[in-house]
Each structure stands twice: as structure tokens, then as C-alpha cells.
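Asker: File name data09.txt; file contents compact mmCIF, C-alpha atoms and all ligand atoms; full text below.
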# COMPACT_ATOMS: atom_id res chain seq x y z
CA MET A 14 4.41 -12.96 -13.19
CA ARG A 15 1.86 -10.28 -12.44
CA GLN A 16 2.16 -8.83 -8.95
CA SER A 17 -1.48 -9.73 -8.26
CA THR A 18 -0.84 -13.39 -9.14
CA GLY A 19 2.21 -13.57 -6.87
CA TRP A 20 0.37 -11.86 -4.05
CA THR A 21 -2.70 -14.08 -4.37
CA LEU A 22 -0.54 -17.21 -4.32
CA HIS A 23 1.16 -15.81 -1.23
CA LEU A 24 -2.27 -15.52 0.44
CA ILE A 25 -3.37 -18.98 -0.69
CA THR A 26 -0.15 -20.66 0.43
CA GLY A 27 -0.41 -18.78 3.74
CA LEU A 28 -3.87 -20.24 4.30
CA ALA A 29 -2.72 -23.67 3.13
CA LEU A 30 0.19 -23.51 5.59
CA LEU A 31 -2.25 -22.98 8.43
CA ILE A 32 -3.88 -26.30 7.56
CA LEU A 33 -0.72 -28.19 6.60
CA LEU A 34 1.35 -26.93 9.51
CA GLY A 35 -1.60 -27.58 11.82
CA THR A 36 -1.83 -31.15 10.55
CA HIS A 37 1.93 -31.61 10.94
CA MET A 38 1.76 -30.25 14.50
CA ILE A 39 -1.10 -32.60 15.39
CA ILE A 40 0.68 -35.62 13.97
CA MET A 41 4.16 -34.87 15.24
CA HIS A 42 3.86 -32.82 18.38
CA LEU A 43 0.36 -32.68 19.77
CA ASP A 44 -0.93 -36.22 19.34
CA ASP A 45 -0.23 -37.16 22.94
CA VAL A 46 -1.66 -33.84 24.16
CA ILE A 47 -4.92 -33.60 22.28
CA GLY A 48 -5.06 -37.24 21.11
CA VAL A 49 -6.96 -36.78 17.86
CA GLY A 50 -7.89 -40.14 16.40
CA ASN A 51 -5.35 -42.88 16.59
CA ILE A 52 -2.51 -41.45 14.53
CA ASN A 53 0.36 -42.81 16.63
CA PRO A 54 -1.12 -45.70 18.63
CA ASP A 55 1.74 -45.64 21.15
CA LYS A 56 1.79 -41.80 21.23
CA LYS A 57 5.46 -41.75 20.23
CA PRO A 58 5.43 -40.03 16.81
CA VAL A 59 9.23 -39.75 16.49
CA ASP A 60 9.97 -43.38 17.25
CA TRP A 61 11.63 -45.03 14.24
CA GLU A 62 8.78 -47.49 13.67
CA ASN A 63 6.23 -44.68 13.56
CA VAL A 64 8.45 -42.52 11.37
CA THR A 65 8.96 -45.31 8.84
CA ALA A 66 5.31 -46.33 9.04
CA ARG A 67 4.33 -42.83 8.00
CA GLY A 68 7.25 -42.50 5.57
CA LYS A 69 6.17 -45.40 3.39
CA GLN A 70 2.70 -44.00 2.89
CA ILE A 71 2.40 -42.28 -0.47
CA THR A 72 -0.20 -39.90 0.97
CA MET A 73 2.31 -38.70 3.56
CA MET A 74 4.91 -38.23 0.85
CA PHE A 75 2.53 -36.03 -1.13
CA PHE A 76 1.50 -34.25 2.06
CA TYR A 77 5.11 -33.28 2.75
CA ILE A 78 5.86 -32.33 -0.85
CA ILE A 79 2.83 -30.01 -0.91
CA PHE A 80 3.76 -28.69 2.54
CA LEU A 81 7.28 -28.01 1.32
CA GLY A 82 6.07 -26.28 -1.86
CA CYS A 83 3.69 -24.01 0.05
CA ALA A 84 6.27 -23.17 2.72
CA LEU A 85 8.96 -22.43 0.15
CA TYR A 86 6.73 -20.29 -2.04
CA HIS A 87 5.43 -18.36 0.96
CA ALA A 88 8.93 -17.84 2.37
CA CYS A 89 10.56 -16.96 -0.95
CA PHE A 90 7.87 -14.52 -2.07
CA GLY A 91 7.83 -12.90 1.37
CA SER A 92 11.63 -12.60 1.45
CA ARG A 93 11.68 -11.18 -2.07
CA THR A 94 9.08 -8.57 -1.08
CA ILE A 95 11.17 -7.51 1.91
CA LEU A 96 14.41 -7.47 -0.06
CA LEU A 97 12.92 -5.44 -2.91
CA GLU A 98 12.11 -2.73 -0.41
CA THR A 99 15.74 -2.24 0.56
CA ASP A 100 17.87 0.21 -1.43
CA PHE A 101 19.95 -2.68 -2.75
CA GLY A 102 16.86 -4.70 -3.70
CA ALA A 103 15.13 -1.78 -5.40
CA ASN A 104 18.17 -1.32 -7.65
CA ASN A 105 18.71 -5.04 -8.28
CA LYS A 106 15.21 -6.42 -8.77
CA GLN A 107 16.13 -9.02 -11.36
CA LEU A 108 19.09 -10.28 -9.37
CA ILE A 109 16.98 -10.68 -6.22
CA THR A 110 14.22 -12.41 -8.16
CA ALA A 111 16.70 -14.76 -9.83
CA ILE A 112 18.37 -15.69 -6.50
CA VAL A 113 15.01 -16.31 -4.82
CA VAL A 114 13.67 -18.41 -7.72
CA ILE A 115 16.84 -20.52 -8.00
CA LEU A 116 17.00 -21.01 -4.22
CA GLY A 117 13.30 -21.87 -4.01
CA PHE A 118 13.36 -24.38 -6.87
CA GLY A 119 16.66 -25.87 -5.65
CA LEU A 120 15.30 -26.49 -2.16
CA PHE A 121 12.04 -27.81 -3.56
CA ILE A 122 13.81 -30.34 -5.78
CA PHE A 123 16.09 -31.38 -2.91
CA GLY A 124 13.18 -31.72 -0.46
CA THR A 125 11.01 -33.58 -2.95
CA ALA A 126 13.83 -36.02 -3.75
CA ALA A 127 14.33 -36.60 -0.03
CA ALA A 128 10.61 -37.28 0.53
CA ILE A 129 10.53 -39.75 -2.39
CA LYS A 130 13.73 -41.43 -1.27
CA PHE A 131 12.37 -41.77 2.25
CA VAL A 132 9.51 -43.93 0.97
CA ASP A 133 12.13 -46.43 -0.28
CA ILE A 134 14.12 -46.23 2.95
CA SER A 135 10.98 -46.73 5.04
CA GLN A 136 9.84 -49.69 2.99
CA ALA A 137 13.31 -51.27 3.20
CA GLY A 138 13.45 -50.52 6.92
CA MET A 139 10.05 -52.13 7.47
CA MET A 140 11.16 -55.20 5.57
CA VAL A 141 14.29 -55.49 7.72
CA MET A 142 12.30 -55.00 10.88
CA GLY A 143 9.69 -57.43 9.69
CA GLY A 144 12.44 -60.03 9.31
CA MET B 6 -1.12 39.95 25.98
CA ALA B 7 -2.06 37.67 28.87
CA ASP B 8 -2.82 34.65 26.70
CA THR B 9 0.40 34.87 24.71
CA ARG B 10 2.92 32.06 25.14
CA LYS B 11 6.45 32.02 23.90
CA ILE B 12 7.02 28.74 22.08
CA PRO B 13 10.27 27.74 20.35
CA PHE B 14 9.92 26.64 16.73
CA THR B 15 12.82 24.44 15.64
CA ILE B 16 12.90 24.33 11.85
CA LEU B 17 14.95 22.26 9.45
CA ARG B 18 16.85 24.52 7.04
CA PHE B 19 18.38 23.36 3.79
CA ASN B 20 19.14 24.98 0.51
CA PRO B 21 20.49 22.38 -1.94
CA GLU B 22 22.07 25.14 -4.04
CA THR B 23 24.32 26.37 -1.22
CA ASP B 24 24.28 23.83 1.63
CA THR B 25 25.93 20.44 1.78
CA LYS B 26 23.84 19.33 4.77
CA HIS B 27 20.81 20.52 6.64
CA ARG B 28 20.78 22.39 9.97
CA PHE B 29 18.14 23.30 12.54
CA ASP B 30 17.30 26.93 13.46
CA THR B 31 15.20 27.81 16.50
CA PHE B 32 12.94 30.87 16.67
CA ILE B 33 10.73 32.02 19.54
CA VAL B 34 7.14 32.59 18.41
CA ASP B 35 4.50 34.56 20.33
CA VAL B 36 1.58 32.18 20.22
CA LEU B 37 -2.04 33.17 20.81
CA PRO B 38 -4.82 30.60 21.26
CA GLY B 39 -6.14 29.50 17.89
CA MET B 40 -2.97 30.44 16.03
CA THR B 41 -1.97 27.98 13.31
CA VAL B 42 1.50 26.70 12.53
CA LEU B 43 1.25 28.58 9.22
CA GLU B 44 0.71 31.83 11.12
CA GLY B 45 3.70 30.97 13.31
CA LEU B 46 5.83 30.61 10.19
CA HIS B 47 4.61 33.97 8.90
CA GLN B 48 5.61 35.55 12.21
CA ILE B 49 9.11 34.04 11.94
CA LYS B 50 9.47 35.34 8.38
CA ALA B 51 8.28 38.82 9.39
CA ARG B 52 10.26 39.17 12.62
CA HIS B 53 13.30 36.85 12.45
CA ASP B 54 14.32 35.47 9.09
CA ALA B 55 12.92 36.61 5.78
CA THR B 56 14.76 33.81 3.94
CA LEU B 57 12.70 30.99 5.48
CA ALA B 58 10.90 29.17 2.66
CA TRP B 59 7.69 27.15 2.68
CA ARG B 60 4.75 26.74 0.34
CA TYR B 61 1.18 27.88 0.97
CA SER B 62 -1.74 29.45 -0.81
CA CYS B 63 -5.31 29.07 0.44
CA ARG B 64 -4.71 29.10 4.24
CA MET B 65 -7.77 26.91 4.73
CA GLY B 66 -6.90 23.31 3.94
CA VAL B 67 -8.05 23.40 0.33
CA CYS B 68 -5.04 23.87 -1.96
CA GLY B 69 -2.80 21.17 -0.45
CA SER B 70 0.32 23.35 -0.61
CA CYS B 71 1.39 23.57 3.03
CA GLY B 72 2.02 19.91 3.91
CA MET B 73 4.96 19.55 6.30
CA LEU B 74 6.19 17.41 9.17
CA ILE B 75 5.02 19.03 12.41
CA ASN B 76 6.23 17.37 15.59
CA GLY B 77 6.71 14.15 13.66
CA ARG B 78 3.35 14.12 11.90
CA ALA B 79 2.81 14.94 8.25
CA THR B 80 -0.01 17.47 8.13
CA LEU B 81 -1.17 20.84 6.79
CA ALA B 82 0.36 23.86 8.54
CA CYS B 83 -2.74 25.97 7.89
CA ASN B 84 -5.03 23.37 9.38
CA THR B 85 -3.02 22.76 12.54
CA GLN B 86 -3.28 24.91 15.64
CA ILE B 87 0.01 25.30 17.49
CA LEU B 88 -1.40 24.66 20.96
CA ASP B 89 -3.14 21.50 19.73
CA VAL B 90 0.27 20.13 18.76
CA SER B 91 2.24 21.23 21.82
CA PRO B 92 2.22 24.13 24.29
CA ILE B 93 5.95 23.58 24.84
CA ALA B 94 7.87 23.22 21.57
CA ILE B 95 7.29 22.81 17.86
CA ALA B 96 9.63 21.02 15.46
CA ILE B 97 9.06 21.39 11.73
CA ALA B 98 10.68 19.63 8.80
CA PRO B 99 9.73 19.21 5.15
CA LEU B 100 7.62 16.21 4.14
CA PRO B 101 9.80 13.06 4.16
CA ASN B 102 10.09 10.81 1.10
CA PHE B 103 10.45 13.82 -1.23
CA PRO B 104 13.56 15.79 -2.28
CA ILE B 105 13.83 19.25 -0.70
CA ILE B 106 13.62 22.31 -2.95
CA LYS B 107 14.37 24.66 -0.05
CA ASP B 108 13.73 24.56 3.72
CA LEU B 109 10.13 23.33 4.09
CA VAL B 110 9.36 23.13 0.37
CA PRO B 111 9.26 19.52 -0.87
CA ASP B 112 9.53 18.59 -4.53
CA LEU B 113 6.23 16.78 -5.13
CA ASP B 114 7.01 16.10 -8.77
CA SER B 115 7.38 12.33 -8.31
CA MET B 116 3.88 12.15 -6.78
CA PHE B 117 2.32 14.14 -9.62
CA GLN B 118 4.15 11.95 -12.14
CA LYS B 119 2.80 8.75 -10.54
CA HIS B 120 -0.63 10.35 -10.29
CA ARG B 121 -0.56 10.97 -14.05
CA GLU B 122 0.50 7.36 -14.66
CA ILE B 123 -2.70 5.95 -13.17
CA LYS B 124 -4.74 8.04 -15.66
CA PRO B 125 -6.80 10.09 -13.19
CA TRP B 126 -9.69 10.86 -15.48
CA ILE B 127 -12.87 9.18 -16.66
CA ILE B 128 -12.07 6.64 -19.36
CA ARG B 129 -14.81 5.28 -21.61
CA GLU B 130 -14.42 2.29 -23.89
CA ASN B 131 -16.13 4.24 -26.63
CA SER B 132 -13.92 7.28 -27.13
CA ILE B 133 -16.24 8.70 -29.80
CA GLU B 134 -19.09 8.74 -27.33
CA GLN B 135 -16.77 10.40 -24.78
CA ASN B 136 -15.38 13.04 -27.11
CA THR B 137 -18.66 13.94 -28.76
CA ALA B 138 -20.96 13.65 -25.78
CA LYS B 139 -24.63 14.11 -26.52
CA GLY B 140 -25.98 13.78 -23.01
CA GLU B 141 -25.24 13.17 -19.38
CA PHE B 142 -24.58 9.95 -17.56
CA TYR B 143 -27.09 9.12 -14.90
CA GLN B 144 -25.49 8.49 -11.52
CA SER B 145 -27.55 7.65 -8.45
CA PRO B 146 -26.69 9.08 -5.01
CA GLU B 147 -25.59 5.56 -4.01
CA GLN B 148 -23.19 5.40 -6.97
CA LEU B 149 -21.83 8.82 -6.03
CA VAL B 150 -21.13 7.71 -2.46
CA GLU B 151 -19.00 4.84 -3.80
CA TYR B 152 -16.20 7.26 -4.73
CA LEU B 153 -17.07 10.60 -3.11
CA GLN B 154 -14.76 10.22 -0.10
CA PHE B 155 -11.81 9.42 -2.35
CA SER B 156 -12.42 12.44 -4.53
CA TYR B 157 -11.62 14.82 -1.66
CA CYS B 158 -7.87 14.42 -2.20
CA ILE B 159 -6.04 17.76 -2.44
CA LYS B 160 -2.67 16.20 -3.39
CA CYS B 161 -0.93 17.55 -0.31
CA GLY B 162 1.47 14.57 -0.18
CA CYS B 163 1.04 13.95 3.56
CA CYS B 164 0.06 10.31 2.95
CA MET B 165 3.13 9.78 0.74
CA ALA B 166 5.33 11.24 3.48
CA ALA B 167 3.85 8.97 6.16
CA CYS B 168 3.94 5.75 4.12
CA PRO B 169 6.63 3.30 5.31
CA THR B 170 6.69 1.55 1.94
CA MET B 171 7.45 4.87 0.24
CA ALA B 172 10.31 5.33 2.70
CA THR B 173 11.93 2.10 1.60
CA ASP B 174 10.92 1.91 -2.07
CA ALA B 175 10.99 5.18 -3.98
CA GLN B 176 9.44 3.45 -7.00
CA TYR B 177 6.32 2.46 -5.06
CA LEU B 178 3.29 4.18 -6.57
CA GLY B 179 2.17 5.37 -3.14
CA PRO B 180 -1.13 6.02 -1.41
CA GLN B 181 -2.14 9.19 -3.26
CA PRO B 182 -1.99 7.79 -6.81
CA LEU B 183 -3.36 4.41 -5.74
CA ALA B 184 -6.31 5.97 -3.92
CA GLN B 185 -7.04 8.03 -7.01
CA ALA B 186 -6.92 4.91 -9.17
CA TYR B 187 -9.71 3.53 -7.01
CA ARG B 188 -11.55 6.86 -7.03
CA TYR B 189 -11.99 6.45 -10.80
CA GLU B 190 -12.46 2.70 -10.65
CA ALA B 191 -15.35 3.19 -8.19
CA ASP B 192 -16.97 5.78 -10.44
CA SER B 193 -19.87 4.20 -12.32
CA ARG B 194 -19.08 6.37 -15.38
CA ASP B 195 -15.57 5.00 -15.70
CA GLN B 196 -14.51 2.02 -17.81
CA GLY B 197 -10.76 2.37 -17.42
CA PHE B 198 -9.96 -0.75 -15.40
CA ASN B 199 -7.97 -2.41 -18.17
CA ALA B 200 -6.16 0.81 -19.01
CA ARG B 201 -4.95 1.23 -15.42
CA LYS B 202 -4.29 -2.44 -14.68
CA PRO B 203 -0.73 -2.65 -16.08
CA VAL B 204 0.36 0.32 -13.95
CA LEU B 205 -1.30 -1.00 -10.79
CA ASP B 206 -0.16 -4.59 -11.25
CA ARG B 207 3.55 -3.96 -11.72
CA ASP B 208 6.33 -4.36 -9.15
CA SER B 209 6.18 -1.54 -6.59
CA GLY B 210 2.52 -1.17 -7.50
CA LEU B 211 -0.76 -1.80 -5.74
CA PHE B 212 0.31 -5.01 -4.04
CA SER B 213 3.34 -3.45 -2.36
CA CYS B 214 1.00 -1.79 0.14
CA HIS B 215 1.30 -3.47 3.54
CA TYR B 216 -1.93 -1.97 4.85
CA GLY B 217 -0.26 -0.25 7.81
CA SER B 218 -2.75 2.61 7.26
CA GLU B 219 -0.38 5.41 8.28
CA CYS B 220 -1.56 7.20 5.14
CA SER B 221 -5.15 7.20 6.38
CA VAL B 222 -4.12 8.32 9.86
CA VAL B 223 -2.46 11.48 8.56
CA CYS B 224 -4.74 12.37 5.63
CA PRO B 225 -6.16 15.81 6.48
CA LYS B 226 -9.17 15.36 4.19
CA GLY B 227 -10.39 11.99 5.46
CA VAL B 228 -9.73 10.33 2.11
CA ASP B 229 -8.65 7.03 3.73
CA PRO B 230 -6.21 5.94 1.00
CA ALA B 231 -5.50 2.63 2.78
CA LYS B 232 -9.16 1.65 2.41
CA ALA B 233 -9.18 2.66 -1.26
CA ILE B 234 -6.07 0.54 -1.86
CA GLN B 235 -7.57 -2.56 -0.24
CA LEU B 236 -10.79 -2.11 -2.26
CA MET B 237 -8.69 -1.80 -5.41
CA LYS B 238 -6.84 -5.00 -4.47
CA ARG B 239 -10.20 -6.76 -4.17
CA ARG B 240 -11.16 -5.68 -7.69
CA MET B 241 -7.81 -6.88 -9.03
CA LEU B 242 -8.29 -10.27 -7.37
CA LEU B 243 -11.80 -10.59 -8.78
CA ASP B 244 -10.31 -9.81 -12.18
CA LEU B 245 -7.63 -12.46 -11.66
CA PHE B 246 -10.36 -15.08 -11.12
CA HIS B 247 -12.45 -13.64 -13.99
CA LEU B 248 -15.15 -12.63 -11.51
CA TYR B 249 -14.82 -8.89 -12.06
CA ARG B 250 -18.11 -7.21 -13.04
CA LYS B 251 -18.93 -3.55 -13.13
CA LYS B 252 -22.29 -1.99 -13.73
CA ASN B 253 -21.56 1.15 -15.69
CA ALA B 254 -23.61 4.29 -15.84
CA GLU B 255 -25.76 4.71 -18.91
CA LEU B 256 -26.56 7.84 -20.81
CA CYS B 257 -29.70 9.48 -19.40
CA PRO B 258 -32.73 7.92 -21.08
CA ASP B 259 -34.04 11.35 -22.04
CA GLN B 260 -30.71 12.58 -23.39
CA GLY B 261 -31.00 14.41 -26.65
CA LYS B 262 -34.59 15.39 -25.97
CA PRO B 263 -35.30 19.06 -25.27
CA SER B 264 -35.51 19.76 -21.54
CA ALA B 265 -38.29 21.69 -19.82
CA GLN B 266 -35.88 24.59 -19.31
CA ASP B 267 -35.49 24.99 -23.04
CA GLY B 268 -39.12 26.13 -23.05
CA SER B 269 -39.65 24.44 -26.39
S1 LIG A 301 -4.96 11.24 0.12
FE1 LIG A 301 -5.10 12.74 1.78
S2 LIG A 301 -3.00 12.93 2.53
FE2 LIG A 301 -2.89 11.95 0.53
S3 LIG A 301 -2.52 13.60 -0.91
FE3 LIG A 301 -4.74 13.26 -0.83
S4 LIG A 301 -5.48 14.66 0.73
FE4 LIG A 301 -3.28 14.55 0.99
S1 LIG A 302 -1.54 1.40 4.00
FE1 LIG A 302 -0.24 1.08 2.22
S2 LIG A 302 -0.12 3.08 1.22
FE2 LIG A 302 -0.92 3.43 3.32
S3 LIG A 302 0.89 3.91 4.56
FE3 LIG A 302 0.57 1.70 4.68
S4 LIG A 302 1.84 0.80 3.02
FE4 LIG A 302 1.62 3.01 2.61
S1 LIG A 303 -2.37 26.71 2.51
FE1 LIG A 303 -3.75 25.60 1.27
S2 LIG A 303 -3.91 23.70 2.30
FE2 LIG A 303 -2.68 24.90 3.64
Can the structure in the file be given as C-alpha cells, please?
Answerer:
Amino acid sequence: MRQSTGWTLHLITGLALLILLGTHMIIMHLDDVIGVGNINPDKKPVDWENVTARGKQITMMFFYIIFLGCALYHACFGSRTILLETDFGANNKQLITAIVVILGFGLFIFGTAAAIKFVDISQAGMMVMGG
Amino acid sequence: MADTRKIPFTILRFNPETDTKHRFDTFIVDVLPGMTVLEGLHQIKARHDATLAWRYSCRMGVCGSCGMLINGRATLACNTQILDVSPIAIAIAPLPNFPIIKDLVPDLDSMFQKHREIKPWIIRENSIEQNTAKGEFYQSPEQLVEYLQFSYCIKCGCCMAACPTMATDAQYLGPQPLAQAYRYEADSRDQGFNARKPVLDRDSGLFSCHYGSECSVVCPKGVDPAKAIQLMKRRMLLDLFHLYRKKNAELCPDQGKPSAQDGS
């Protein structure tokens, strides 16, 4: 990948993280402080009912998959940049790149599988709770 | 003389042919107001140690030979007055991020090599037109201003010595070559963007600059390499999104016609 492409994606994911992380913070941590809309009616975002209610929404699943992808790309590209500037990194560019790519994709697949699985768990949980 | 001060100069000494590690020698210099660090070095060579080595030529900030680290700042010895740096003590070392040839003489070869890599000359798409020129290219004062500041570089290497990315990544192109890439890119006569792109867009290239701007802080000619690098990044991003446009200079409309001076 061209350095300019990697760098631009780093910028774009950085900006996206501002929005995605901001949204996550509002939903999970700031709802009872700033009270935007009616996201968690009882203002208890980490209660199991609220967690499963969000978890079974496909939009939330995609939200977290995109969030994960942006965070991982931003973190991996940033770490690679730092590592390549060490003596070891400068002499082992391909090794560093390979480790970062494998780690990034591995975590992305794991996180995505977890987000998809959680939709099932939430739906099952809701059914149990619903009797 | 009443105005004379005695100031110790502590200088890093190293001769790779005979020494295994560097040492510091201290010499007392009689300093008069207005005296430059370069003059202080001359005094040391004349009075104390004729083997002290450094590089200089013009003595007036033009040739770029006398870059060195003076009290922690990469700068030109001929352009730096001793009392402006410190009335108490002066410490001098060769420019960091370069191998040492001897004492205060850095080996700038790597910088010149990288400078060559970015093709620091006007490139035209039509090489026939360039090699058999039949006229001049019109350039407005506004077009000149676009690159003028960046053309003041004297290749002293101070920016390369101050750059933290250079300190950690010896393969990084560095502020001097990158600023010169933009100097030509900003020149309306140049069409060499695609020829320089592969060099700029590689690992340890343009995008390894962290925009700390140390290079611009130390540049003795006001070139502002950090600004040039960010402007070059902008052009690369426009190119990435296929938005890059450049209005190139045209041959003078009256080229080829006899001028008034010809008297014909
Ligand atoms: S940009 Fe400035 S500091 Fe760097 S080599 Fe040119 S003149 Fe020297
Ligand atoms: S702005 Fe870029 S080139 Fe200049 S010192 Fe910082 S990292 Fe080096
Ligand atoms: S001697 Fe020429 S720049 Fe200092």
C-alpha cells in the first residue's frame, strides 16, 4: 500500500473515531449526564436488559463492527509507524508489517464474530426474559 | 581590551581513523562583541590546537558549509555571534544524524544522495521541448512567490540534524530533500510530479514527517521545510483523490520572434 493511502486512511479513521467513540460515550457513559434523546429510558445503559436490547439491533452490531475496524486500523497503523522508527523496526520492516497486519485482522475477525454472536445471545436472552 | 571576555569553548573531538570514542576538549577564547563562533574556532586553531577540524568557506551564511551543533542548536557557525548564544560557555559538536568525518566535520553524503533522489531540477513532460528550448517560460511574480522561499536552501544540513524522525529512522528522506521536492513541485514550469511521486510516497518518505517543525525552527535561511512538507502532503492527497490539478507555465507568446534588443 502506498504510504499516502495508509496515512490518509489513518486520518479518516481518526476522524471517524471521534464520531464513533463520541456516540459510544453518549450511549454508554454520558446518557444520564447529558440525557440526549431517550437512548436508555431508565438511564442504566449497562443493565442486562438494556445491553441485550441494544445487542439484538442489527444497526448496533454494524456500529460496533465499524467502530472496531476503525479503532484497529488506527491503532495498528499508528503502532507500525512508531515501531518502524526504532532501530529494530527500521531493519525489520516486513516483519513488523506482517505482525501488525496479522494481529489487526485476527482481532477484527474475533471482534466481528463476537458482535454477530451477541445478536443471537441477545435475542435468545430477550426470549427467555419475555417468557 | 576592556570588552574582551574569556569564554570556554568545549568541543567534541573525534577522528574515526585513530579514535575509538569521542572526547571533549576545552579551550579559552578571547571573545569580543560581534565575534562569531566561526571566528572563535579560528582563534582556537591559531592559538591552541592546529589539528581542530571543521568545514567553512564563505563566512557569510551562503555556502552552507559550517553547520554545527552550538549549545544544543544546529546552526551556522559563521552566522552565530558568540555572545548571542551565551556569555558564559559554548559547547560545540558536529551536526547529529550524520557520520563524523573528523571533529566538527559531518559527512553530508546521505543528504546529498536523498536530495538527488527527489530529482531537484525542472522536469518537463516534453523532453524535446526542454532539451531544445526555443523560448522562455512566462512566470508571473505570484507564481515565483509560490516557491521562492523554498529555493533559498543552502544544503547546510541543520534541518536534518534537528529532525527527530531522522534521529530514529536513518532511511527517512528528511526535511531538506522533501522541501526541495516541493520547491520544484510549486514551480509553475515543472511537470515532474509523477516522476517524484514514487520516491516521496515510499516508506520513510513524505508521510513519515510528524510535523514537529524543529527543522523550520533551526533553518538559518528561513526556508521553513516543515511548511513545504505539509504543502507537498496536500498535493499528494489531492492526487490520491484524483483532484490534483496544476496550471503550468507556457512558453512566452512572443517566443521565437525577434526582440526589440535585436534591433532588427
Ligand atoms: S532547509 Fe534550511 S536548514 Fe535545511 S539544508 Fe536548507 S538551508 Fe539548511
Ligand atoms: S516537521 Fe517533519 S521534517 Fe521537520 S523536524 Fe519535524 S519530522 Fe522532521
Ligand atoms: S561558512 Fe559559508 S555558511 Fe558558514
Asker: Let me have all residues with an atom within 10 Å of ligand LIG 301 (chain A), counting all atoms listed in the file, laid out as a count of residues only.
Answerer: 47
Asker: Using all atoms listed in the file, determine which residues lie at most 8 Å from A:His42, disregarding the query and same-chain residues fewer than 4 positions distant; provide the list as an MDAnalysis selection string.
Answerer: chainID A and resid 37:38 58
Asker: Could you state the separation of atom CA of B:Met40 and atom S3 of ligand LIG 302 (chain A) in Å, given to one decimal place?
Answerer: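 Computed distance, atom CA of B:Met40 to atom S3 of ligand LIG 302 (chain A), equals 29.2 Å.
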Asker: Which is closest to ligand LIG 303 (chain A) among B:Glu44, B:Asp174, B:Asp192, B:Glu134, if we use all atoms listed in the file?
Answerer: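 Closest to ligand LIG 303 (chain A), using all atoms listed in the file: B:Glu44.
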Asker: Given the point (1.6, -30.5, 2.6) in the coordinates of this file, which residues lie within 12 Å, counting all atoms listed in the file, and how would they look as a PDB file with C-alpha atoms, in the frame of the given file?
Answerer:
ATOM      1  CA  THR A  26      -0.150 -20.660   0.430  1.00  0.00           C
ATOM      2  CA  GLY A  27      -0.410 -18.780   3.740  1.00  0.00           C
ATOM      3  CA  LEU A  28      -3.870 -20.240   4.300  1.00  0.00           C
ATOM      4  CA  ALA A  29      -2.720 -23.670   3.130  1.00  0.00           C
ATOM      5  CA  LEU A  30       0.190 -23.510   5.590  1.00  0.00           C
ATOM      6  CA  LEU A  31      -2.250 -22.980   8.430  1.00  0.00           C
ATOM      7  CA  ILE A  32      -3.880 -26.300   7.560  1.00  0.00           C
ATOM      8  CA  LEU A  33      -0.720 -28.190   6.600  1.00  0.00           C
ATOM      9  CA  LEU A  34       1.350 -26.930   9.510  1.00  0.00           C
ATOM     10  CA  GLY A  35      -1.600 -27.580  11.820  1.00  0.00           C
ATOM     11  CA  THR A  36      -1.830 -31.150  10.550  1.00  0.00           C
ATOM     12  CA  HIS A  37       1.930 -31.610  10.940  1.00  0.00           C
ATOM     13  CA  MET A  38       1.760 -30.250  14.500  1.00  0.00           C
ATOM     14  CA  THR A  72      -0.200 -39.900   0.970  1.00  0.00           C
ATOM     15  CA  MET A  73       2.310 -38.700   3.560  1.00  0.00           C
ATOM     16  CA  MET A  74       4.910 -38.230   0.850  1.00  0.00           C
ATOM     17  CA  PHE A  75       2.530 -36.030  -1.130  1.00  0.00           C
ATOM     18  CA  PHE A  76       1.500 -34.250   2.060  1.00  0.00           C
ATOM     19  CA  TYR A  77       5.110 -33.280   2.750  1.00  0.00           C
ATOM     20  CA  ILE A  78       5.860 -32.330  -0.850  1.00  0.00           C
ATOM     21  CA  ILE A  79       2.830 -30.010  -0.910  1.00  0.00           C
ATOM     22  CA  PHE A  80       3.760 -28.690   2.540  1.00  0.00           C
ATOM     23  CA  LEU A  81       7.280 -28.010   1.320  1.00  0.00           C
ATOM     24  CA  GLY A  82       6.070 -26.280  -1.860  1.00  0.00           C
ATOM     25  CA  CYS A  83       3.690 -24.010   0.050  1.00  0.00           C
ATOM     26  CA  ALA A  84       6.270 -23.170   2.720  1.00  0.00           C
ATOM     27  CA  LEU A  85       8.960 -22.430   0.150  1.00  0.00           C
ATOM     28  CA  THR A 125      11.010 -33.580  -2.950  1.00  0.00           C
ATOM     29  CA  ALA A 128      10.610 -37.280   0.530  1.00  0.00           C
TER      30      ALA A 128
END
Asker: Give me, as a PyMOL selection string, the residues of chain B touching chain A, with the criterion being at most 6 Å (counting only C-alpha atoms).
Answerer: chain B and resi 173-174+206-207
Asker: Export, as a CSV table (one decimal), in the coordinates of the input, the selected residues with C-alpha atoms.
Answerer:
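Heads up, here's the output in result-v3.csv:
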chain,number,residue,atom,x,y,z
B,173,THR,CA,11.9,2.1,1.6
B,174,ASP,CA,10.9,1.9,-2.1
B,206,ASP,CA,-0.2,-4.6,-11.2
B,207,ARG,CA,3.6,-4.0,-11.7
